[in-house]
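Trainee: First the structure, then my questions, so here it is.
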Amino acid sequence: MGTAVGAEPCIFCEIAAHRGPAHVVYEDANSIVFLDIFPFTRGHLLVVPKRHVDRLVDLDPSEYAGYFAALAQACRQVETLTKDYNVGLNQGPLAGQIVFHLHFHIIPRYDAGNPFGPMPRTRLSDADGAAIVRELGGPIPR
Ligand code: 5GP
Ligand code: ZN
């Protein structure tokens, strides 16, 4: 946990170790869920294993159940906002991965537009972040 990769500390390791700021909606011993800082939509979440691994295939099979439970928990929280959402995983730069610490995206959908079309992204404000965490019933545990 809290592993630095190369010269640069990994931003998601920093958040997992509470050394970096984030709007956390759920956390347990092995996983942490927080708001994406450049959300595609309101309530866009990232589900992150605390142990630094780049890719899903790097997880140990003993970690699958706990990580999937955190993903399902985060989906349950998103469902207080909307029943429509995408769950996604970008693996590798050609797939759009820019943070090389495993994370599933949960992207809530609020309208009938093309969910895969281009979408503007504006930086999450602290005030919005705090309000959304509250709407999601978080942070869990309090
Ligand atoms: P990727 O493209 O690697 O699947 O997604 C990385 C996501 O992490 C992006 O959606 C980006 O907005 C988000 N992100 C990058 N840096 C930070 C950060 O420091 N804090 C938070 N909360 N999200 C970040
Ligand atoms: Zn990391």
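A note on labels: chains of the structure tokens are A, B, ... as shown, every chain counts residues from 1, and ligands are counted from 1 in their shown order.
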So which residues touch range 137-141 of chain A within 7 Å, counting only C-alpha atoms, skipping near sequence neighbours fewer than 6 positions away, as an MDAnalysis selection string?
Mentor: chainID A and resid 24:27
Trainee: Please identify all protein, DNA and RNA residues within 6 Å of ligand 2, counting only C-alpha atoms and all ligand atoms, and report them as a list in words.
Mentor: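 With only C-alpha atoms and all ligand atoms and a cut-off of 6 Å, ligand 2 is contacted by Thr3, Cys10, Phe12, Cys13, His52 and His101 of chain A.
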Trainee: Skipping near chain neighbours, those fewer than 6 positions away, what residues fall within 10 Å of range 116-121 of chain A using only C-alpha atoms, listed as a ChimeraX atom specification?
Mentor: /A:37-41,86
Trainee: Compile a residue-level contact table for chain A against ligand 1 at a cut-off of 9 Å, reporting for every qualifying residue the shortest atom pair and its distance in Å to one decimal, with only C-alpha atoms and all ligand atoms counted, rows ordered by chain and ascending number, as CSV.
Mentor:
```
residue,atom,partner,partner_atom_place_in_ligand_line,distance
A:Ile11,CA,ligand 1,19 (O),5.8
A:Phe12,CA,ligand 1,19 (O),7.1
A:Glu14,CA,ligand 1,19 (O),8.9
A:Ile15,CA,ligand 1,20 (N),7.7
A:Gly20,CA,ligand 1,19 (O),7.6
A:Pro21,CA,ligand 1,20 (N),7.4
A:Ala22,CA,ligand 1,22 (N),5.4
A:His23,CA,ligand 1,22 (N),7.0
A:Val24,CA,ligand 1,22 (N),8.7
A:Phe34,CA,ligand 1,22 (N),6.2
A:Leu35,CA,ligand 1,22 (N),5.2
A:Asp36,CA,ligand 1,22 (N),4.1
A:Ile37,CA,ligand 1,22 (N),4.1
A:Phe38,CA,ligand 1,12 (O),4.1
A:Pro39,CA,ligand 1,12 (O),6.2
A:Phe40,CA,ligand 1,10 (O),7.7
A:His44,CA,ligand 1,10 (O),8.4
A:Leu45,CA,ligand 1,22 (N),8.2
A:Leu46,CA,ligand 1,8 (O),7.3
A:Gly88,CA,ligand 1,4 (O),8.0
A:Leu89,CA,ligand 1,4 (O),6.2
A:Asn90,CA,ligand 1,4 (O),4.7
A:Gln91,CA,ligand 1,4 (O),7.2
A:Gly92,CA,ligand 1,3 (O),8.3
A:Pro93,CA,ligand 1,2 (O),8.1
A:Ala95,CA,ligand 1,2 (O),8.0
A:Gly96,CA,ligand 1,2 (O),4.9
A:Gln97,CA,ligand 1,3 (O),3.5
A:Ile98,CA,ligand 1,3 (O),3.6
A:Val99,CA,ligand 1,3 (O),3.9
A:Phe100,CA,ligand 1,3 (O),6.3
A:His101,CA,ligand 1,3 (O),7.7
A:Leu102,CA,ligand 1,3 (O),8.1
A:His103,CA,ligand 1,4 (O),6.8
A:Phe104,CA,ligand 1,4 (O),7.4
A:His105,CA,ligand 1,4 (O),7.1
A:Arg121,CA,ligand 1,12 (O),8.5
A:Arg123,CA,ligand 1,12 (O),8.2
A:Leu124,CA,ligand 1,22 (N),8.6
```
Trainee: So which bits of range 12-108 of chain A end up strand (DSSP E or B) when you DSSP the backbone, as a PyMOL selection string?
Mentor: chain A and resi 24-27+31-35+45-49+85-88+104-108
Trainee: DSSP on the backbone: what in chain A comes out alpha helix (DSSP H), as a PyMOL selection string?
Mentor: chain A and resi 11-16+61-78+126-135
Trainee: Using Å and a single decimal, report how far CA of Pro108 in chain A sits from CA of Val78 in chain A.
Mentor: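 Result for CA of Val78 in chain A versus CA of Pro108 in chain A: 7.0 Å, one decimal.
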Trainee: Just give me the gap between CA of Ala69 in chain A and CA of Leu56 in chain A in Å, one decimal is fine.
Mentor: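 Atom-to-atom, CA of Ala69 in chain A to CA of Leu56 in chain A, that is 14.7 Å.
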Trainee: What does the distance from CA of Thr80 in chain A to CA of Ile32 in chain A come to in Å, to one decimal?
Mentor: 18.7 Å
Trainee: Would you please work out which residue, of A:Leu81, A:Ala112, A:Val87, A:Ala29, is nearest to Gly66 in chain A when using only C-alpha atoms?
Mentor: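 Checking each of A:Leu81, A:Ala112, A:Val87, A:Ala29 against Gly66 in chain A, counting only C-alpha atoms, the winner is A:Ala29.
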